[in-house]
Amino acid sequence: MPYSYQVRSSEQYQEAYKKSVVDPEGFWAAVAENFYWHKKWDKVLDWNFTEPKIEWFSGARLNITENCIDRHLATMADQPAIIWEPNNPDERTRTVTYASLHKRVCQFAQVLKNNGVKKGDRVCIYMGMVPELAYAILGCARIGAVHSVIFGGFSAQSIADRLEDAKAEFIVTCDGAYRGGKDIPLKSVIDDALIGNKTVKRVIVYTRTRTPVSMIKGRDVWWEDEMEFAETQIEKDGVVSFPAEEMDAEDPLFILYTSGSTGKPKGVVHSVAGYMVWANYTFVNVFQYRQGQIHFCTADIGWITGHSYIVYGPLSAGATSLMFEGVPTYPDAGRFWDIVDKHKVNILYTAPTAIRSLMGFGTAPLAGKDLSSLQILGTVGEPINEEAWHWYDENVGKKKCPVVDTWWQTETGGILISNLAGVTPSKPTYATLPLPGVQPVLVDENGAIIEGNNVSGNLCIKFPWPGILRTTYGDHERCRLNYFSTYKNLYFTGDGCLRDEAGNYRITGRVDDVLNVSGHRIGTAEVENAINMHTGVVESAVVGYPHDIKGQGIYAYVIYNGHHEDESLRRADIAQTVARVIGAIAKPDKIQFVTGLPKTRSGKIMRRILRKIAEGETANLGDTTTLLDPGVVEEIKNGKL
Ligand code: WT7
């Protein structure tokens, strides 16, 4: 099945792009014709960025799981939908065909129904990377429940905050998860998150590690028991069915929490139809997917990349998606290459941080691995440095595979700026050109649009694309303030960007107080709040600094007034506090104890100075005369770690 909307040449890209700008409604209506609708839309697009109000395909009725599964059954029932590679290479691989995916998803939808889950209810999913995670997600979508997946690295406190914000009544989890050499006790983290929680009625527990778990009567049930019973309900005379809930185009599909520059993470909400069209369109075009290819996205489904390019994008396109439970360095640094070789992977989509970490092991782990199946390489999550780009291109792609550098965000639902593999040219460190439907603009501090090429500014988007977020859960005003109020009538990305002489975009990193650590977004305010919870901490300031592998590391300046003279013990305690409050992913890499922080007379911390010191750039700190106590800067400089 070729995709009629797959652009196959540079000319076709230009043509599609032009049409998407001149006649966006006509353009997206034509793309949307390729999906399965119960009822088609009354209006393709209705929008304003002031409220904001964004509606795509309004009036249309559909279910995304029929588009991801049922409609492929007639021709591709036996084709693998998901190939699962376990953490331990000695364990058996699992292949889930479209027919078996259909059965499992129907079965799990029935389980949800049996447990009282209804359309619109929020279901929190906290699982490792097992196929059952995909069944859980799609099962929710099938009955119209709103899933909110939480990455396995977040702490009980983080889960508790998200459960409360989402007013979730249901949880799907695992006893534990295998990740490299570690077993992570997921259910026990959930138990901690549920201490004092009054809203969660049911916890469904899938057995993966068979670690001891406490199962509370009346609240906790085993996945296996529930699935077994549901099987008798969904299967009659060998025919499997569970009716897909007919959803409105603008009904919410999922919530995914992400960090911003202030306070607690916000629940980004994506709606059914627009997200589906966007995840599919970008998957088919950026990776130039062809039927039968094996697509391996190495992300965790706890992040948006996994939602869009392991689950919804590939499955809606009838693709084969490889899902990997483990980590790139287990049992050794050749694991990715073993997987590519074993499963004859055609498309590999990973993060710069993974590439840099593997680069550190040299080319020995690649030796003897047959990578000839690879046709396309992709990166996502952070700016890729030139060295990593070339290493990937030369050693993994053998200079024969186009490399796509895909820029996007949790809020954008799918890729916005990227070259299209083999169709539009790549340029190392550049995401290059916007996808059809995406209208980027650069603005200066005052919000004036910067025209022309060879310029830089803050990256905004001036027109909605189908995958744009619709709101932040439970707080629409927060959505407006965060994304639509900095610059009038523009969606503000939070990224700095430059545009070269040919109009290619290069994303240079966040311009707000958000860090990107190993491709994970972490707000400095969030880390500061966590550090400040530790007894003895008076005040703290957190900034990012360049880190060889992680991209950015977390540097914390801490004023401490407690006992324990041993600084390394204090540091370990503070790190432990952050791990408890947020999760291990937010632990500071460096903690410098200081007696004061550089503040203006009005009490504002001068982060610019702290950032420069953390970056090692102490010579040129800029104007420090407006500081309340300029002396403190000397002390901080001298104590730099
Ligand atoms: C932020 C979004 C998109 C899925 C993974 C991260 C940075 C993302 C690139 C890229 C340079 C990138 C941006 C963006 N980013 N991709 N190809 N080049 N920067 O999703 O957690 O929502 O983070 O990641 O700073 O704003 P996220």
# chains A, B, ... in the order shown; residues from 1 in each chain; ligands from 1

call {"tool": "residues_around", "arguments": {"residues": "A:Val514", "least_positions_apart": "3", "cutoff": "6 Å", "atoms": "only C-alpha atoms", "output": "number ranges by chain"}}
result
A: 261, 522-524

call {"tool": "closest_atom_pairs", "arguments": {"of": "chain A", "to": "ligand 1", "cutoff": "9 Å", "atoms": "only C-alpha atoms and all ligand atoms", "output": "Markdown table"}}
result
| residue | atom | partner | partner_atom_place_in_ligand_line | distance |
| --- | --- | --- | --- | --- |
| A:Thr258 | CA | ligand 1 | 21 (O) | 6.6 |
| A:Ser259 | CA | ligand 1 | 21 (O) | 7.8 |
| A:Ala299 | CA | ligand 1 | 5 (C) | 8.7 |
| A:Trp303 | CA | ligand 1 | 5 (C) | 7.0 |
| A:Ile304 | CA | ligand 1 | 4 (C) | 5.7 |
| A:Thr305 | CA | ligand 1 | 4 (C) | 4.9 |
| A:Gly306 | CA | ligand 1 | 4 (C) | 8.6 |
| A:Ala351 | CA | ligand 1 | 5 (C) | 8.4 |
| A:Pro352 | CA | ligand 1 | 17 (N) | 8.7 |
| A:Thr379 | CA | ligand 1 | 17 (N) | 6.3 |
| A:Val380 | CA | ligand 1 | 17 (N) | 4.4 |
| A:Gly381 | CA | ligand 1 | 8 (C) | 3.5 |
| A:Glu382 | CA | ligand 1 | 12 (C) | 3.5 |
| A:Pro383 | CA | ligand 1 | 11 (C) | 3.4 |
| A:Ile384 | CA | ligand 1 | 18 (N) | 6.3 |
| A:Val404 | CA | ligand 1 | 17 (N) | 8.6 |
| A:Asp405 | CA | ligand 1 | 17 (N) | 5.0 |
| A:Thr406 | CA | ligand 1 | 17 (N) | 4.2 |
| A:Trp407 | CA | ligand 1 | 17 (N) | 3.5 |
| A:Trp408 | CA | ligand 1 | 3 (C) | 4.2 |
| A:Gln409 | CA | ligand 1 | 22 (O) | 3.7 |
| A:Thr410 | CA | ligand 1 | 22 (O) | 3.6 |
| A:Glu411 | CA | ligand 1 | 22 (O) | 6.4 |
| A:Thr412 | CA | ligand 1 | 3 (C) | 8.0 |
| A:Gly413 | CA | ligand 1 | 3 (C) | 8.2 |
| A:Gly414 | CA | ligand 1 | 3 (C) | 7.3 |
| A:Ile415 | CA | ligand 1 | 3 (C) | 7.1 |
| A:Ile417 | CA | ligand 1 | 17 (N) | 7.9 |
| A:Ser418 | CA | ligand 1 | 17 (N) | 7.6 |
| A:Thr429 | CA | ligand 1 | 18 (N) | 7.7 |
| A:Tyr430 | CA | ligand 1 | 18 (N) | 7.5 |
| A:Ala431 | CA | ligand 1 | 17 (N) | 5.9 |
| A:Thr493 | CA | ligand 1 | 26 (O) | 6.1 |
| A:Gly494 | CA | ligand 1 | 26 (O) | 6.1 |
| A:Asp495 | CA | ligand 1 | 26 (O) | 5.5 |
| A:Gly496 | CA | ligand 1 | 25 (O) | 8.2 |
| A:Arg506 | CA | ligand 1 | 18 (N) | 7.3 |
| A:Ile507 | CA | ligand 1 | 11 (C) | 4.8 |
| A:Thr508 | CA | ligand 1 | 11 (C) | 6.4 |
| A:Gly509 | CA | ligand 1 | 25 (O) | 4.9 |
| A:Arg510 | CA | ligand 1 | 25 (O) | 5.0 |
| A:Val511 | CA | ligand 1 | 25 (O) | 8.6 |
| A:Val514 | CA | ligand 1 | 25 (O) | 8.5 |
| A:Leu515 | CA | ligand 1 | 25 (O) | 8.3 |
| A:Asn516 | CA | ligand 1 | 24 (O) | 6.6 |
| A:Gly519 | CA | ligand 1 | 6 (C) | 5.8 |
| A:His520 | CA | ligand 1 | 21 (O) | 5.2 |
| A:Arg521 | CA | ligand 1 | 21 (O) | 4.5 |
| A:Ile522 | CA | ligand 1 | 21 (O) | 8.1 |

call {"tool": "closest_atom_pairs", "arguments": {"of": "stretch 306-395 of chain A", "to": "stretch 171-178 of chain A", "cutoff": "12 Å", "atoms": "only C-alpha atoms", "output": "CSV"}}
result
residue,atom,partner,partner_atom,distance
A:Phe324,CA,A:Tyr178,CA,11.0
A:Glu325,CA,A:Tyr178,CA,7.3
A:Gly326,CA,A:Tyr178,CA,6.9
A:Val327,CA,A:Tyr178,CA,9.5
A:Tyr330,CA,A:Tyr178,CA,10.9

call {"tool": "select_by_dssp", "arguments": {"residues": "stretch 254-300 of chain A", "states": "helix (DSSP H, G or I)", "output": "number ranges by chain"}}
result
A: 272-286

call {"tool": "closest_residue", "arguments": {"among": "A:Phe254, A:Tyr206, A:Trp37, A:Tyr98", "to": "A:Ala145", "atoms": "only C-alpha atoms"}}
result
A:Phe254

call {"tool": "closest_atom_pairs", "arguments": {"of": "stretch 176-287 of chain A", "to": "stretch 42-59 of chain A", "cutoff": "10 Å", "atoms": "only C-alpha atoms", "output": "Markdown table"}}
result
| residue | atom | partner | partner_atom | distance |
| --- | --- | --- | --- | --- |
| A:Met247 | CA | A:Gly59 | CA | 9.9 |
| A:Asp248 | CA | A:Gly59 | CA | 6.7 |
| A:Ala249 | CA | A:Ser58 | CA | 5.8 |
| A:Glu250 | CA | A:Glu55 | CA | 6.6 |
| A:Asp251 | CA | A:Ser58 | CA | 9.9 |
| A:Ser271 | CA | A:Glu55 | CA | 9.2 |
| A:Val272 | CA | A:Trp56 | CA | 9.6 |
| A:Ala273 | CA | A:Phe57 | CA | 7.0 |
| A:Gly274 | CA | A:Trp56 | CA | 5.8 |
| A:Tyr275 | CA | A:Trp56 | CA | 9.4 |
| A:Val277 | CA | A:Trp56 | CA | 9.9 |

call {"tool": "residues_around", "arguments": {"residues": "A:Asn453", "least_positions_apart": "4", "cutoff": "10 Å", "atoms": "only C-alpha atoms", "output": "list in words"}}
result
Leu498, Arg499, Asp500, Glu501, Ala502, Gly503, Asn504 and Tyr505 of chain A

call {"tool": "residues_around", "arguments": {"residues": "A:Pro80", "least_positions_apart": "3", "cutoff": "12 Å", "atoms": "only C-alpha atoms", "output": "JSON, numbers by chain"}}
result
{"A": [69, 72, 73, 76, 77, 83, 84, 94, 95, 96, 97, 98, 99, 100, 101, 102, 291, 292, 293, 294, 295, 314, 315, 318, 319, 320, 321, 322, 323, 343]}

call {"tool": "residues_around", "arguments": {"residues": "A:Ile559", "least_positions_apart": "4", "cutoff": "12 Å", "atoms": "only C-alpha atoms", "output": "list in words"}}
result
Glu528, Ile531, Asn532, His534, Thr535, Gly536, Val537, Val538, Glu539, Ser540, Ala541, Val542, Arg570, Arg571, Ile574, Ile591, Gln592, Phe593, Val594, Thr595, Gly596, Leu597, Pro598, Val632 and Ile636 of chain A

call {"tool": "closest_residue", "arguments": {"among": "A:Leu366, A:Leu469, A:Val558, A:Cys460", "to": "A:Ser485", "atoms": "only C-alpha atoms"}}
result
A:Cys460

call {"tool": "atom_distance", "arguments": {"atom1": "atom CA of A:Tyr126", "atom2": "atom CA of A:Ile301"}}
result
10.1 Å

call {"tool": "residues_around", "arguments": {"residues": "stretch 153-166 of chain A", "least_positions_apart": "4", "cutoff": "6 Å", "atoms": "only C-alpha atoms", "output": "list of chain:residue names"}}
result
A:Val189, A:Asp192, A:Ala193, A:Arg580, A:Val581, A:Ile582, A:Gly583

call {"tool": "decode", "arguments": {"residues": "stretch 90-119 of chain A", "atoms": "N, CA and C atoms", "output": "compact mmCIF listing (two decimals), in the first residue's frame"}}
result
# COMPACT_ATOMS: atom_id res chain seq x y z
N ASP A 90 18.98 -13.15 25.88
CA ASP A 90 18.74 -14.59 25.87
C ASP A 90 17.26 -14.94 25.99
N GLU A 91 16.47 -13.96 26.35
CA GLU A 91 15.04 -14.23 26.45
C GLU A 91 14.43 -14.21 25.04
N ARG A 92 13.30 -14.88 24.93
CA ARG A 92 12.65 -15.00 23.63
C ARG A 92 12.07 -13.66 23.14
N THR A 93 12.27 -13.42 21.84
CA THR A 93 11.65 -12.26 21.19
C THR A 93 10.16 -12.54 21.04
N ARG A 94 9.34 -11.52 21.07
CA ARG A 94 7.91 -11.75 20.81
C ARG A 94 7.49 -10.98 19.57
N THR A 95 6.69 -11.62 18.74
CA THR A 95 6.18 -10.95 17.55
C THR A 95 4.67 -10.87 17.66
N VAL A 96 4.14 -9.67 17.57
CA VAL A 96 2.71 -9.45 17.70
C VAL A 96 2.18 -9.06 16.33
N THR A 97 1.42 -9.94 15.70
CA THR A 97 0.87 -9.61 14.39
C THR A 97 -0.29 -8.61 14.57
N TYR A 98 -0.74 -8.05 13.46
CA TYR A 98 -1.90 -7.14 13.56
C TYR A 98 -3.12 -7.89 14.09
N ALA A 99 -3.26 -9.17 13.71
CA ALA A 99 -4.40 -9.95 14.23
C ALA A 99 -4.28 -10.13 15.73
N SER A 100 -3.10 -10.46 16.21
CA SER A 100 -3.01 -10.67 17.66
C SER A 100 -3.05 -9.34 18.41
N LEU A 101 -2.55 -8.29 17.80
CA LEU A 101 -2.68 -6.97 18.45
C LEU A 101 -4.16 -6.62 18.60
N HIS A 102 -4.91 -6.91 17.55
CA HIS A 102 -6.35 -6.63 17.59
C HIS A 102 -6.99 -7.38 18.76
N LYS A 103 -6.64 -8.65 18.88
CA LYS A 103 -7.24 -9.44 19.95
C LYS A 103 -6.85 -8.90 21.32
N ARG A 104 -5.58 -8.63 21.52
CA ARG A 104 -5.13 -8.15 22.84
C ARG A 104 -5.74 -6.80 23.20
N VAL A 105 -5.85 -5.95 22.22
CA VAL A 105 -6.40 -4.62 22.50
C VAL A 105 -7.89 -4.73 22.83
N CYS A 106 -8.60 -5.56 22.08
CA CYS A 106 -10.02 -5.78 22.39
C CYS A 106 -10.17 -6.36 23.79
N GLN A 107 -9.30 -7.32 24.07
CA GLN A 107 -9.34 -7.97 25.38
C GLN A 107 -9.10 -6.96 26.49
N PHE A 108 -8.08 -6.13 26.31
CA PHE A 108 -7.78 -5.17 27.38
C PHE A 108 -8.85 -4.08 27.49
N ALA A 109 -9.42 -3.72 26.36
CA ALA A 109 -10.53 -2.75 26.42
C ALA A 109 -11.67 -3.34 27.26
N GLN A 110 -11.91 -4.64 27.07
CA GLN A 110 -12.94 -5.33 27.86
C GLN A 110 -12.57 -5.34 29.35
N VAL A 111 -11.28 -5.55 29.63
CA VAL A 111 -10.81 -5.52 31.02
C VAL A 111 -11.10 -4.15 31.64
N LEU A 112 -10.79 -3.12 30.89
CA LEU A 112 -11.04 -1.77 31.41
C LEU A 112 -12.52 -1.58 31.70
N LYS A 113 -13.32 -2.04 30.74
CA LYS A 113 -14.77 -1.90 30.92
C LYS A 113 -15.24 -2.68 32.15
N ASN A 114 -14.75 -3.90 32.28
CA ASN A 114 -15.13 -4.73 33.44
C ASN A 114 -14.75 -4.06 34.76
N ASN A 115 -13.70 -3.25 34.70
CA ASN A 115 -13.24 -2.60 35.92
C ASN A 115 -13.83 -1.21 36.12
N GLY A 116 -14.80 -0.90 35.30
CA GLY A 116 -15.54 0.35 35.52
C GLY A 116 -15.00 1.56 34.79
N VAL A 117 -14.03 1.37 33.88
CA VAL A 117 -13.50 2.52 33.15
C VAL A 117 -14.48 2.91 32.04
N LYS A 118 -14.75 4.20 31.96
CA LYS A 118 -15.68 4.70 30.94
C LYS A 118 -15.00 5.74 30.07
N LYS A 119 -15.65 6.02 28.95
CA LYS A 119 -15.16 7.07 28.04
C LYS A 119 -14.85 8.35 28.83
